[in-house]
file my_file-v6.pdb (PDB, C-alpha atoms and all ligand atoms)
ATOM      1  CA  MET A 358     -13.890 -39.609   1.322  1.00  0.00           C
ATOM      2  CA  ILE A 359     -13.239 -38.455  -2.209  1.00  0.00           C
ATOM      3  CA  GLN A 360     -16.333 -36.264  -2.031  1.00  0.00           C
ATOM      4  CA  SER A 361     -15.137 -34.488   1.111  1.00  0.00           C
ATOM      5  CA  ASP A 362     -11.659 -33.980  -0.381  1.00  0.00           C
ATOM      6  CA  LEU A 363     -13.292 -32.321  -3.345  1.00  0.00           C
ATOM      7  CA  ASP A 364     -15.351 -30.101  -1.053  1.00  0.00           C
ATOM      8  CA  LEU A 365     -12.157 -28.821   0.546  1.00  0.00           C
ATOM      9  CA  PHE A 366     -11.029 -27.465  -2.787  1.00  0.00           C
ATOM     10  CA  ASP A 367     -14.435 -26.271  -3.892  1.00  0.00           C
ATOM     11  CA  ALA A 368     -13.772 -22.804  -5.303  1.00  0.00           C
ATOM     12  CA  HIS A 369     -17.302 -22.047  -6.430  1.00  0.00           C
ATOM     13  CA  PRO A 370     -19.057 -18.895  -5.263  1.00  0.00           C
ATOM     14  CA  GLN A 371     -20.927 -19.404  -2.024  1.00  0.00           C
ATOM     15  CA  GLN A 372     -24.115 -17.477  -1.432  1.00  0.00           C
ATOM     16  CA  LEU A 373     -24.014 -16.634   2.294  1.00  0.00           C
ATOM     17  CA  ALA A 374     -27.161 -14.497   2.306  1.00  0.00           C
ATOM     18  CA  ALA A 375     -29.466 -12.827  -0.223  1.00  0.00           C
ATOM     19  CA  HIS A 376     -26.830 -10.265  -1.266  1.00  0.00           C
ATOM     20  CA  THR A 377     -23.635 -11.665   0.215  1.00  0.00           C
ATOM     21  CA  THR A 378     -21.308 -13.858  -1.832  1.00  0.00           C
ATOM     22  CA  LEU A 379     -18.001 -15.470  -0.888  1.00  0.00           C
ATOM     23  CA  LEU A 380     -15.644 -16.003  -3.829  1.00  0.00           C
ATOM     24  CA  PRO A 381     -13.012 -18.434  -2.499  1.00  0.00           C
ATOM     25  CA  GLY A 382      -9.520 -17.738  -3.831  1.00  0.00           C
ATOM     26  CA  PHE A 383     -10.793 -15.082  -6.262  1.00  0.00           C
ATOM     27  CA  ALA A 384      -7.796 -12.762  -5.649  1.00  0.00           C
ATOM     28  CA  LEU A 385      -5.114 -15.447  -6.060  1.00  0.00           C
ATOM     29  CA  ALA A 386      -4.788 -15.087  -9.838  1.00  0.00           C
ATOM     30  CA  GLU A 387      -3.808 -11.406  -9.367  1.00  0.00           C
ATOM     31  CA  LEU A 388      -1.923 -11.836  -6.117  1.00  0.00           C
ATOM     32  CA  GLU A 389       1.558 -10.726  -7.183  1.00  0.00           C
ATOM     33  CA  PRO A 390       0.394  -7.636  -9.162  1.00  0.00           C
ATOM     34  CA  LEU A 391      -1.816  -6.773  -6.205  1.00  0.00           C
ATOM     35  CA  LEU A 392       1.083  -7.019  -3.721  1.00  0.00           C
ATOM     36  CA  ASP A 393       3.342  -5.055  -6.096  1.00  0.00           C
ATOM     37  CA  ALA A 394       0.706  -2.300  -6.161  1.00  0.00           C
ATOM     38  CA  LEU A 395       0.273  -2.263  -2.393  1.00  0.00           C
ATOM     39  CA  ARG A 396       3.959  -1.825  -1.563  1.00  0.00           C
ATOM     40  CA  PRO A 397       4.281   1.833  -2.708  1.00  0.00           C
ATOM     41  CA  VAL A 398       0.861   2.628  -1.222  1.00  0.00           C
ATOM     42  CA  LEU A 399       2.012   1.460   2.206  1.00  0.00           C
ATOM     43  CA  ARG A 400       5.332   3.266   1.886  1.00  0.00           C
ATOM     44  CA  ALA A 401       3.465   6.527   1.225  1.00  0.00           C
ATOM     45  CA  ALA A 402       0.754   5.895   3.846  1.00  0.00           C
ATOM     46  CA  PRO A 403       2.113   3.502   6.502  1.00  0.00           C
ATOM     47  CA  PHE A 404      -0.215   1.484   8.735  1.00  0.00           C
ATOM     48  CA  ARG A 405      -1.057   3.130  12.020  1.00  0.00           C
ATOM     49  CA  HIS A 406      -3.310   2.610  14.996  1.00  0.00           C
ATOM     50  CA  MET A 407      -6.028   5.244  14.929  1.00  0.00           C
ATOM     51  CA  GLN A 408      -7.909   6.400  18.007  1.00  0.00           C
ATOM     52  CA  THR A 409     -11.583   5.685  18.499  1.00  0.00           C
ATOM     53  CA  PRO A 410     -13.785   8.727  19.200  1.00  0.00           C
ATOM     54  CA  GLY A 411     -13.743   7.536  22.818  1.00  0.00           C
ATOM     55  CA  GLY A 412      -9.931   7.817  22.915  1.00  0.00           C
ATOM     56  CA  LEU A 413      -9.061   4.109  22.703  1.00  0.00           C
ATOM     57  CA  ARG A 414      -6.310   2.816  20.413  1.00  0.00           C
ATOM     58  CA  MET A 415      -7.735   0.544  17.711  1.00  0.00           C
ATOM     59  CA  ALA A 416      -6.251  -2.967  17.771  1.00  0.00           C
ATOM     60  CA  VAL A 417      -6.231  -3.102  13.970  1.00  0.00           C
ATOM     61  CA  ALA A 418      -3.621  -0.918  12.248  1.00  0.00           C
ATOM     62  CA  LEU A 419      -4.930   0.758   9.122  1.00  0.00           C
ATOM     63  CA  SER A 420      -4.160   2.720   6.010  1.00  0.00           C
ATOM     64  CA  ASN A 421      -6.067   3.841   2.934  1.00  0.00           C
ATOM     65  CA  CYS A 422      -5.764   4.487  -0.745  1.00  0.00           C
ATOM     66  CA  GLY A 423      -8.152   6.179  -3.133  1.00  0.00           C
ATOM     67  CA  ALA A 424      -9.859   9.558  -3.397  1.00  0.00           C
ATOM     68  CA  LEU A 425     -11.292   9.009   0.081  1.00  0.00           C
ATOM     69  CA  GLY A 426      -9.908   7.235   3.148  1.00  0.00           C
ATOM     70  CA  TRP A 427     -11.687   6.136   6.303  1.00  0.00           C
ATOM     71  CA  VAL A 428     -10.318   7.791   9.438  1.00  0.00           C
ATOM     72  CA  SER A 429     -11.101   7.765  13.127  1.00  0.00           C
ATOM     73  CA  ASP A 430      -9.973  10.234  15.783  1.00  0.00           C
ATOM     74  CA  ALA A 431     -11.333  12.255  18.676  1.00  0.00           C
ATOM     75  CA  SER A 432     -13.775  14.017  16.349  1.00  0.00           C
ATOM     76  CA  GLY A 433     -15.349  10.769  15.132  1.00  0.00           C
ATOM     77  CA  TYR A 434     -15.386   8.388  12.163  1.00  0.00           C
ATOM     78  CA  ARG A 435     -15.497   9.764   8.633  1.00  0.00           C
ATOM     79  CA  TYR A 436     -14.107   9.610   5.134  1.00  0.00           C
ATOM     80  CA  SER A 437     -11.464  12.191   4.346  1.00  0.00           C
ATOM     81  CA  ALA A 438      -9.628  13.086   1.134  1.00  0.00           C
ATOM     82  CA  THR A 439      -6.467  13.665   3.150  1.00  0.00           C
ATOM     83  CA  ASP A 440      -4.663  11.856   5.922  1.00  0.00           C
ATOM     84  CA  PRO A 441      -5.404  14.059   8.947  1.00  0.00           C
ATOM     85  CA  VAL A 442      -1.976  13.302  10.452  1.00  0.00           C
ATOM     86  CA  SER A 443       0.236  13.997   7.397  1.00  0.00           C
ATOM     87  CA  GLY A 444      -2.201  16.405   5.729  1.00  0.00           C
ATOM     88  CA  LYS A 445      -1.481  14.663   2.407  1.00  0.00           C
ATOM     89  CA  PRO A 446      -3.992  13.098   0.008  1.00  0.00           C
ATOM     90  CA  TRP A 447      -4.159   9.304   0.187  1.00  0.00           C
ATOM     91  CA  PRO A 448      -2.164   7.376  -2.436  1.00  0.00           C
ATOM     92  CA  ALA A 449      -4.106   6.647  -5.627  1.00  0.00           C
ATOM     93  CA  LEU A 450      -6.162   3.477  -5.754  1.00  0.00           C
ATOM     94  CA  PRO A 451      -4.203   0.994  -7.893  1.00  0.00           C
ATOM     95  CA  ARG A 452      -6.019   0.014 -11.082  1.00  0.00           C
ATOM     96  CA  VAL A 453      -5.426  -3.693 -10.390  1.00  0.00           C
ATOM     97  CA  LEU A 454      -7.512  -3.333  -7.217  1.00  0.00           C
ATOM     98  CA  VAL A 455     -10.330  -1.340  -8.809  1.00  0.00           C
ATOM     99  CA  GLU A 456     -10.608  -3.871 -11.625  1.00  0.00           C
ATOM    100  CA  LEU A 457     -10.455  -6.907  -9.341  1.00  0.00           C
ATOM    101  CA  ALA A 458     -13.198  -5.392  -7.181  1.00  0.00           C
ATOM    102  CA  SER A 459     -15.389  -4.631 -10.210  1.00  0.00           C
ATOM    103  CA  ARG A 460     -15.056  -8.198 -11.469  1.00  0.00           C
ATOM    104  CA  ALA A 461     -15.793  -9.663  -8.038  1.00  0.00           C
ATOM    105  CA  ALA A 462     -18.826  -7.410  -7.614  1.00  0.00           C
ATOM    106  CA  ALA A 463     -20.119  -8.386 -11.065  1.00  0.00           C
ATOM    107  CA  GLN A 464     -19.752 -12.101 -10.186  1.00  0.00           C
ATOM    108  CA  ALA A 465     -21.881 -11.426  -7.134  1.00  0.00           C
ATOM    109  CA  GLY A 466     -24.567  -9.628  -9.149  1.00  0.00           C
ATOM    110  CA  PHE A 467     -23.483  -5.993  -8.695  1.00  0.00           C
ATOM    111  CA  ASP A 468     -22.668  -4.651 -12.146  1.00  0.00           C
ATOM    112  CA  GLY A 469     -20.841  -1.351 -12.643  1.00  0.00           C
ATOM    113  CA  PHE A 470     -19.142  -1.179  -9.241  1.00  0.00           C
ATOM    114  CA  VAL A 471     -16.264   1.344  -9.294  1.00  0.00           C
ATOM    115  CA  ALA A 472     -14.490   1.784  -5.960  1.00  0.00           C
ATOM    116  CA  ASP A 473     -13.191   5.196  -4.882  1.00  0.00           C
ATOM    117  CA  ALA A 474     -11.846   4.115  -1.485  1.00  0.00           C
ATOM    118  CA  CYS A 475      -9.859   1.192  -0.150  1.00  0.00           C
ATOM    119  CA  LEU A 476      -9.437   0.688   3.570  1.00  0.00           C
ATOM    120  CA  ILE A 477      -6.443  -1.525   4.397  1.00  0.00           C
ATOM    121  CA  ASN A 478      -6.533  -3.319   7.763  1.00  0.00           C
ATOM    122  CA  HIS A 479      -3.504  -5.027   9.316  1.00  0.00           C
ATOM    123  CA  TYR A 480      -3.959  -7.768  11.925  1.00  0.00           C
ATOM    124  CA  LEU A 481      -1.283  -9.468  14.006  1.00  0.00           C
ATOM    125  CA  PRO A 482      -2.008 -12.762  15.774  1.00  0.00           C
ATOM    126  CA  GLY A 483      -4.406 -11.940  18.623  1.00  0.00           C
ATOM    127  CA  THR A 484      -5.887  -8.862  16.913  1.00  0.00           C
ATOM    128  CA  ARG A 485      -9.667  -8.789  16.649  1.00  0.00           C
ATOM    129  CA  LEU A 486     -12.240  -6.421  15.221  1.00  0.00           C
ATOM    130  CA  SER A 487     -15.352  -5.910  17.296  1.00  0.00           C
ATOM    131  CA  LEU A 488     -18.871  -6.067  15.869  1.00  0.00           C
ATOM    132  CA  HIS A 489     -19.731  -2.992  13.824  1.00  0.00           C
ATOM    133  CA  GLN A 490     -21.758  -1.745  10.877  1.00  0.00           C
ATOM    134  CA  ASP A 491     -20.191   0.041   7.909  1.00  0.00           C
ATOM    135  CA  ARG A 492     -22.359   3.136   7.631  1.00  0.00           C
ATOM    136  CA  ASP A 493     -20.055   6.050   6.839  1.00  0.00           C
ATOM    137  CA  GLU A 494     -20.494   5.743   3.058  1.00  0.00           C
ATOM    138  CA  GLN A 495     -22.834   8.123   1.166  1.00  0.00           C
ATOM    139  CA  ASP A 496     -24.974   5.555  -0.597  1.00  0.00           C
ATOM    140  CA  TYR A 497     -25.665   2.076   0.764  1.00  0.00           C
ATOM    141  CA  ALA A 498     -26.789   0.940  -2.692  1.00  0.00           C
ATOM    142  CA  HIS A 499     -23.135   0.211  -3.511  1.00  0.00           C
ATOM    143  CA  PRO A 500     -21.691  -3.084  -2.291  1.00  0.00           C
ATOM    144  CA  ILE A 501     -18.444  -3.533  -0.359  1.00  0.00           C
ATOM    145  CA  VAL A 502     -15.779  -5.861  -1.747  1.00  0.00           C
ATOM    146  CA  SER A 503     -13.478  -7.369   0.887  1.00  0.00           C
ATOM    147  CA  ILE A 504     -10.192  -9.137   0.024  1.00  0.00           C
ATOM    148  CA  SER A 505      -8.474 -11.302   2.640  1.00  0.00           C
ATOM    149  CA  LEU A 506      -4.713 -11.947   2.548  1.00  0.00           C
ATOM    150  CA  GLY A 507      -2.356 -13.859   4.824  1.00  0.00           C
ATOM    151  CA  LEU A 508      -3.344 -15.631   8.016  1.00  0.00           C
ATOM    152  CA  PRO A 509      -6.854 -17.080   8.099  1.00  0.00           C
ATOM    153  CA  ALA A 510      -9.626 -15.336   9.996  1.00  0.00           C
ATOM    154  CA  VAL A 511     -13.044 -16.174  11.338  1.00  0.00           C
ATOM    155  CA  PHE A 512     -15.483 -13.510  10.197  1.00  0.00           C
ATOM    156  CA  LEU A 513     -18.539 -12.924  12.393  1.00  0.00           C
ATOM    157  CA  PHE A 514     -21.521 -12.307  10.182  1.00  0.00           C
ATOM    158  CA  GLY A 515     -24.494 -10.977  12.098  1.00  0.00           C
ATOM    159  CA  GLY A 516     -27.832  -9.372  11.437  1.00  0.00           C
ATOM    160  CA  LEU A 517     -29.237  -5.853  11.386  1.00  0.00           C
ATOM    161  CA  GLN A 518     -29.362  -5.645  15.197  1.00  0.00           C
ATOM    162  CA  ARG A 519     -26.194  -5.841  17.273  1.00  0.00           C
ATOM    163  CA  SER A 520     -27.829  -8.538  19.413  1.00  0.00           C
ATOM    164  CA  ASP A 521     -28.695 -10.809  16.447  1.00  0.00           C
ATOM    165  CA  ARG A 522     -26.893 -14.134  16.412  1.00  0.00           C
ATOM    166  CA  THR A 523     -23.714 -14.292  14.318  1.00  0.00           C
ATOM    167  CA  ARG A 524     -22.495 -16.940  11.903  1.00  0.00           C
ATOM    168  CA  ARG A 525     -18.791 -17.797  11.722  1.00  0.00           C
ATOM    169  CA  ILE A 526     -17.387 -17.589   8.207  1.00  0.00           C
ATOM    170  CA  PRO A 527     -13.780 -18.725   7.619  1.00  0.00           C
ATOM    171  CA  LEU A 528     -11.885 -16.243   5.422  1.00  0.00           C
ATOM    172  CA  ASN A 529      -8.674 -17.513   3.865  1.00  0.00           C
ATOM    173  CA  HIS A 530      -5.816 -16.020   1.868  1.00  0.00           C
ATOM    174  CA  GLY A 531      -7.163 -14.827  -1.479  1.00  0.00           C
ATOM    175  CA  ASP A 532     -10.856 -15.033  -0.592  1.00  0.00           C
ATOM    176  CA  VAL A 533     -13.115 -12.203  -1.700  1.00  0.00           C
ATOM    177  CA  LEU A 534     -16.374 -11.395   0.054  1.00  0.00           C
ATOM    178  CA  VAL A 535     -18.937  -9.198  -1.685  1.00  0.00           C
ATOM    179  CA  TRP A 536     -21.913  -7.822   0.125  1.00  0.00           C
ATOM    180  CA  GLY A 537     -24.538  -5.253  -0.501  1.00  0.00           C
ATOM    181  CA  GLY A 538     -28.263  -4.810  -0.949  1.00  0.00           C
ATOM    182  CA  GLU A 539     -30.298  -5.828   2.046  1.00  0.00           C
ATOM    183  CA  ASP A 540     -27.154  -7.245   3.745  1.00  0.00           C
ATOM    184  CA  ARG A 541     -25.214  -3.982   3.498  1.00  0.00           C
ATOM    185  CA  LEU A 542     -25.853  -2.913   7.106  1.00  0.00           C
ATOM    186  CA  ARG A 543     -25.356  -6.256   8.826  1.00  0.00           C
ATOM    187  CA  PHE A 544     -23.213  -6.196  11.943  1.00  0.00           C
ATOM    188  CA  HIS A 545     -19.890  -7.991  11.479  1.00  0.00           C
ATOM    189  CA  GLY A 546     -16.491  -8.444  13.074  1.00  0.00           C
ATOM    190  CA  VAL A 547     -13.384 -10.636  13.166  1.00  0.00           C
ATOM    191  CA  LEU A 548     -12.396 -13.075  15.950  1.00  0.00           C
ATOM    192  CA  PRO A 549      -8.821 -12.853  17.302  1.00  0.00           C
ATOM    193  CA  ILE A 550      -6.388 -14.050  14.634  1.00  0.00           C
ATOM    194  CA  LYS A 551      -4.745 -17.337  15.633  1.00  0.00           C
ATOM    195  CA  PRO A 552      -0.935 -17.433  15.878  1.00  0.00           C
ATOM    196  CA  GLY A 553       0.733 -18.583  12.701  1.00  0.00           C
ATOM    197  CA  VAL A 554       3.004 -17.670   9.835  1.00  0.00           C
ATOM    198  CA  HIS A 555       1.549 -17.477   6.356  1.00  0.00           C
ATOM    199  CA  PRO A 556       3.993 -18.750   3.683  1.00  0.00           C
ATOM    200  CA  ARG A 557       3.561 -15.681   1.449  1.00  0.00           C
ATOM    201  CA  MET A 558       2.430 -12.959   3.872  1.00  0.00           C
ATOM    202  CA  GLY A 559       4.229 -13.835   7.114  1.00  0.00           C
ATOM    203  CA  GLU A 560       2.784 -13.336  10.579  1.00  0.00           C
ATOM    204  CA  ARG A 561      -0.148 -11.138   9.621  1.00  0.00           C
ATOM    205  CA  ARG A 562      -3.544 -10.832   8.048  1.00  0.00           C
ATOM    206  CA  ILE A 563      -4.320  -7.985   5.686  1.00  0.00           C
ATOM    207  CA  ASN A 564      -7.862  -7.138   4.673  1.00  0.00           C
ATOM    208  CA  LEU A 565      -8.675  -4.717   1.873  1.00  0.00           C
ATOM    209  CA  THR A 566     -12.196  -3.324   1.687  1.00  0.00           C
ATOM    210  CA  LEU A 567     -13.083  -1.550  -1.518  1.00  0.00           C
ATOM    211  CA  ARG A 568     -15.962   0.859  -1.355  1.00  0.00           C
ATOM    212  CA  LYS A 569     -17.762   3.562  -3.248  1.00  0.00           C
ATOM    213  CA  ALA A 570     -17.673   5.989  -0.348  1.00  0.00           C
ATOM    214  CA  GLY A 571     -18.398   9.345  -1.975  1.00  0.00           C
TER     215      GLY A 571
HETATM  216  C1  LIG B   1     -11.948  -7.700   7.957  1.00  0.00           C
HETATM  217  N1  LIG B   1     -13.848  -6.463   7.375  1.00  0.00           N
HETATM  218  O1  LIG B   1     -12.327  -8.668   7.309  1.00  0.00           O
HETATM  219  C2  LIG B   1     -12.887  -6.623   8.352  1.00  0.00           C
HETATM  220  N2  LIG B   1     -16.636  -4.557   6.401  1.00  0.00           N
HETATM  221  O2  LIG B   1     -10.792  -7.579   8.332  1.00  0.00           O
HETATM  222  C3  LIG B   1     -14.870  -5.624   7.501  1.00  0.00           C
HETATM  223  O3  LIG B   1     -15.053  -4.929   8.477  1.00  0.00           O
HETATM  224  C4  LIG B   1     -15.790  -5.571   6.389  1.00  0.00           C
HETATM  225  O4  LIG B   1     -14.942  -7.537   5.355  1.00  0.00           O
HETATM  226  C5  LIG B   1     -17.526  -4.447   5.428  1.00  0.00           C
HETATM  227  C6  LIG B   1     -17.587  -5.343   4.393  1.00  0.00           C
HETATM  228  C7  LIG B   1     -16.727  -6.392   4.354  1.00  0.00           C
HETATM  229  C8  LIG B   1     -15.796  -6.525   5.368  1.00  0.00           C
HETATM  230 FE    FE B   2     -16.682  -3.500   8.276  1.00  0.00          FE
END

call {"tool": "encode", "arguments": {"input": "my_file-v6.pdb", "output": "structure tokens", "more": "lines below"}}
Ligand code: MD6
Ligand code: FE
result
Amino acid sequence: MIQSDLDLFDAHPQQLAAHTTLLPGFALAELEPLLDALRPVLRAAPFRHMQTPGGLRMAVALSNCGALGWVSDASGYRYSATDPVSGKPWPALPRVLVELASRAAAQAGFDGFVADACLINHYLPGTRLSLHQDRDEQDYAHPIVSISLGLPAVFLFGGLQRSDRTRRIPLNHGDVLVWGGEDRLRFHGVLPIKPGVHPRMGERRINLTLRKAG
């Protein structure tokens, strides 16, 4: 009994695969500075639903900050220094985010990680993200650092083939997932977010993925 209670609050790094580490609650210590930094970013570059190259509206709403931002429209997926709709550069990447990502990466064995792009995904209850690979970055040697905020999610963690079986990884408010190396091109996705209201974040999940894209 006591043992299982302790397990619930176990905040030690969890090695999910050779080069994938979950750092439970790692972002909580910096939560308020992080949210303070995000507010002006999202005022300057509000969330929106981009179109897939096939013309479908993405269920996830997204924004970006950093020198490069990930965009999707009729001409495909790519990183762009400007928002193709407003024509403006993306807001600068807040230092608190760059530093948090570097520390998380170092904990997971990736020293010297300096992000130049942060993709910000917004999920409402019911929103899902279908299985995909992240392969628009220049150099797959750099890891990706993913910060989860708000409502919990179930992350689908697959293999290098779309048809490989997937594991279900719970991602909670404040968790940070770092992956790279031989895991960098694993297929992954997010199951539909369950209805709920998070005490700090409200009726939403926000995921920040920090990358070295260029
Ligand atoms: C999400 N994350 O958690 C979606 N991609 O909302 C991703 O697609 C993702 O968490 C690459 C690396 C880490 C991720
Ligand atoms: Fe991804």

call {"tool": "resolve_selection", "arguments": {"input": "my_file-v6.pdb", "expression": "the PyMOL selection byres (((chain A and resi 519) around 8) and not hetatm)", "output": "number ranges by chain"}}
result
A: 488-489, 515-518, 520-521, 544

call {"tool": "resolve_selection", "arguments": {"input": "my_file-v6.pdb", "expression": "the PyMOL selection byres (((not hetatm)) within 8 of (chain B and resi 2))", "output": "PDB file with C-alpha atoms, in the frame of the given file"}}
result
ATOM      1  CA  HIS A 489     -19.731  -2.992  13.824  1.00  0.00           C
ATOM      2  CA  GLN A 490     -21.758  -1.745  10.877  1.00  0.00           C
ATOM      3  CA  ASP A 491     -20.191   0.041   7.909  1.00  0.00           C
ATOM      4  CA  PHE A 544     -23.213  -6.196  11.943  1.00  0.00           C
ATOM      5  CA  HIS A 545     -19.890  -7.991  11.479  1.00  0.00           C
ATOM      6  CA  GLY A 546     -16.491  -8.444  13.074  1.00  0.00           C
ATOM      7  CA  THR A 566     -12.196  -3.324   1.687  1.00  0.00           C
TER       8      THR A 566
END

call {"tool": "closest_atom_pairs", "arguments": {"input": "my_file-v6.pdb", "of": "chain A", "to": "ligand LIG 1 (chain B)", "cutoff": "9 Å", "atoms": "only C-alpha atoms and all ligand atoms", "output": "JSON lines"}}
result
{"residue": "A:Val417", "atom": "CA", "partner": "B:LIG1", "partner_atom": "O2", "distance": 8.5}
{"residue": "A:Ile477", "atom": "CA", "partner": "B:LIG1", "partner_atom": "O2", "distance": 8.4}
{"residue": "A:Asn478", "atom": "CA", "partner": "B:LIG1", "partner_atom": "O2", "distance": 6.1}
{"residue": "A:His479", "atom": "CA", "partner": "B:LIG1", "partner_atom": "O2", "distance": 7.8}
{"residue": "A:Tyr480", "atom": "CA", "partner": "B:LIG1", "partner_atom": "O2", "distance": 7.7}
{"residue": "A:Arg485", "atom": "CA", "partner": "B:LIG1", "partner_atom": "O2", "distance": 8.5}
{"residue": "A:Leu486", "atom": "CA", "partner": "B:LIG1", "partner_atom": "C2", "distance": 6.9}
{"residue": "A:Ser487", "atom": "CA", "partner": "B:LIG1", "partner_atom": "O3", "distance": 8.9}
{"residue": "A:Leu488", "atom": "CA", "partner": "B:LIG1", "partner_atom": "O3", "distance": 8.4}
{"residue": "A:His489", "atom": "CA", "partner": "B:LIG1", "partner_atom": "O3", "distance": 7.4}
{"residue": "A:Gln490", "atom": "CA", "partner": "B:LIG1", "partner_atom": "N2", "distance": 7.4}
{"residue": "A:Asp491", "atom": "CA", "partner": "B:LIG1", "partner_atom": "C5", "distance": 5.8}
{"residue": "A:Pro500", "atom": "CA", "partner": "B:LIG1", "partner_atom": "C6", "distance": 8.2}
{"residue": "A:Ile501", "atom": "CA", "partner": "B:LIG1", "partner_atom": "C6", "distance": 5.2}
{"residue": "A:Val502", "atom": "CA", "partner": "B:LIG1", "partner_atom": "C7", "distance": 6.2}
{"residue": "A:Ser503", "atom": "CA", "partner": "B:LIG1", "partner_atom": "O4", "distance": 4.7}
{"residue": "A:Ile504", "atom": "CA", "partner": "B:LIG1", "partner_atom": "O4", "distance": 7.3}
{"residue": "A:Ser505", "atom": "CA", "partner": "B:LIG1", "partner_atom": "O1", "distance": 6.6}
{"residue": "A:Ala510", "atom": "CA", "partner": "B:LIG1", "partner_atom": "O1", "distance": 7.7}
{"residue": "A:Val511", "atom": "CA", "partner": "B:LIG1", "partner_atom": "O1", "distance": 8.5}
{"residue": "A:Phe512", "atom": "CA", "partner": "B:LIG1", "partner_atom": "O1", "distance": 6.5}
{"residue": "A:Leu528", "atom": "CA", "partner": "B:LIG1", "partner_atom": "O1", "distance": 7.8}
{"residue": "A:Val533", "atom": "CA", "partner": "B:LIG1", "partner_atom": "O4", "distance": 8.7}
{"residue": "A:Leu534", "atom": "CA", "partner": "B:LIG1", "partner_atom": "C7", "distance": 6.6}
{"residue": "A:Val535", "atom": "CA", "partner": "B:LIG1", "partner_atom": "C7", "distance": 7.0}
{"residue": "A:Trp536", "atom": "CA", "partner": "B:LIG1", "partner_atom": "C6", "distance": 6.6}
{"residue": "A:Gly537", "atom": "CA", "partner": "B:LIG1", "partner_atom": "C6", "distance": 8.5}
{"residue": "A:Arg541", "atom": "CA", "partner": "B:LIG1", "partner_atom": "C6", "distance": 7.8}
{"residue": "A:Leu542", "atom": "CA", "partner": "B:LIG1", "partner_atom": "C5", "distance": 8.6}
{"residue": "A:Arg543", "atom": "CA", "partner": "B:LIG1", "partner_atom": "C5", "distance": 8.7}
{"residue": "A:Phe544", "atom": "CA", "partner": "B:LIG1", "partner_atom": "N2", "distance": 8.8}
{"residue": "A:His545", "atom": "CA", "partner": "B:LIG1", "partner_atom": "O3", "distance": 6.5}
{"residue": "A:Gly546", "atom": "CA", "partner": "B:LIG1", "partner_atom": "O3", "distance": 6.0}
{"residue": "A:Val547", "atom": "CA", "partner": "B:LIG1", "partner_atom": "C1", "distance": 6.1}
{"residue": "A:Arg562", "atom": "CA", "partner": "B:LIG1", "partner_atom": "O2", "distance": 7.9}
{"residue": "A:Ile563", "atom": "CA", "partner": "B:LIG1", "partner_atom": "O2", "distance": 7.0}
{"residue": "A:Asn564", "atom": "CA", "partner": "B:LIG1", "partner_atom": "O2", "distance": 4.7}
{"residue": "A:Leu565", "atom": "CA", "partner": "B:LIG1", "partner_atom": "O2", "distance": 7.4}
{"residue": "A:Thr566", "atom": "CA", "partner": "B:LIG1", "partner_atom": "C8", "distance": 6.1}
{"residue": "A:Leu567", "atom": "CA", "partner": "B:LIG1", "partner_atom": "C6", "distance": 8.3}
{"residue": "A:Arg568", "atom": "CA", "partner": "B:LIG1", "partner_atom": "C6", "distance": 8.6}

call {"tool": "residues_around", "arguments": {"input": "my_file-v6.pdb", "residues": "range 438-444 of chain A", "least_positions_apart": "6", "cutoff": "8 Å", "atoms": "all atoms listed in the file", "output": "list of chain:residue names"}}
result
A:Ala424, A:Leu425, A:Gly426, A:Val428

call {"tool": "resolve_selection", "arguments": {"input": "my_file-v6.pdb", "expression": "the PyMOL selection byres (((chain A and resi 432) around 12) and not hetatm)", "output": "CSV table (one decimal) with C-alpha atoms, in the coordinates of the input"}}
result
chain,number,residue,atom,x,y,z
A,407,MET,CA,-6.0,5.2,14.9
A,408,GLN,CA,-7.9,6.4,18.0
A,409,THR,CA,-11.6,5.7,18.5
A,410,PRO,CA,-13.8,8.7,19.2
A,411,GLY,CA,-13.7,7.5,22.8
A,412,GLY,CA,-9.9,7.8,22.9
A,428,VAL,CA,-10.3,7.8,9.4
A,429,SER,CA,-11.1,7.8,13.1
A,430,ASP,CA,-10.0,10.2,15.8
A,431,ALA,CA,-11.3,12.3,18.7
A,433,GLY,CA,-15.3,10.8,15.1
A,434,TYR,CA,-15.4,8.4,12.2
A,435,ARG,CA,-15.5,9.8,8.6
A,441,PRO,CA,-5.4,14.1,8.9

call {"tool": "residues_around", "arguments": {"input": "my_file-v6.pdb", "residues": "range 391-400 of chain A", "least_positions_apart": "6", "cutoff": "10 Å", "atoms": "all atoms listed in the file", "output": "list in words"}}
result
Ala384, Leu385, Leu419, Ser420, Asn421, Cys422, Gly423, Trp447, Pro448, Ala449, Leu450, Pro451, Arg452, Val453, Leu454, Leu457, Ile477, Leu506 and Met558 of chain A

call {"tool": "residues_around", "arguments": {"input": "my_file-v6.pdb", "residues": "Ala570 in chain A", "least_positions_apart": "5", "cutoff": "8 Å", "atoms": "all atoms listed in the file", "output": "PDB file with C-alpha atoms, in the frame of the given file"}}
result
ATOM      1  CA  LEU A 425     -11.292   9.009   0.081  1.00  0.00           C
ATOM      2  CA  TYR A 436     -14.107   9.610   5.134  1.00  0.00           C
ATOM      3  CA  ALA A 472     -14.490   1.784  -5.960  1.00  0.00           C
ATOM      4  CA  ASP A 473     -13.191   5.196  -4.882  1.00  0.00           C
ATOM      5  CA  ALA A 474     -11.846   4.115  -1.485  1.00  0.00           C
ATOM      6  CA  ASP A 493     -20.055   6.050   6.839  1.00  0.00           C
ATOM      7  CA  GLU A 494     -20.494   5.743   3.058  1.00  0.00           C
ATOM      8  CA  GLN A 495     -22.834   8.123   1.166  1.00  0.00           C
ATOM      9  CA  ASP A 496     -24.974   5.555  -0.597  1.00  0.00           C
TER      10      ASP A 496
END

call {"tool": "closest_residue", "arguments": {"input": "my_file-v6.pdb", "among": "A:Gly466, A:Pro403, A:Pro482, A:Pro509", "to": "Pro552 in chain A", "atoms": "only C-alpha atoms"}}
result
A:Pro482
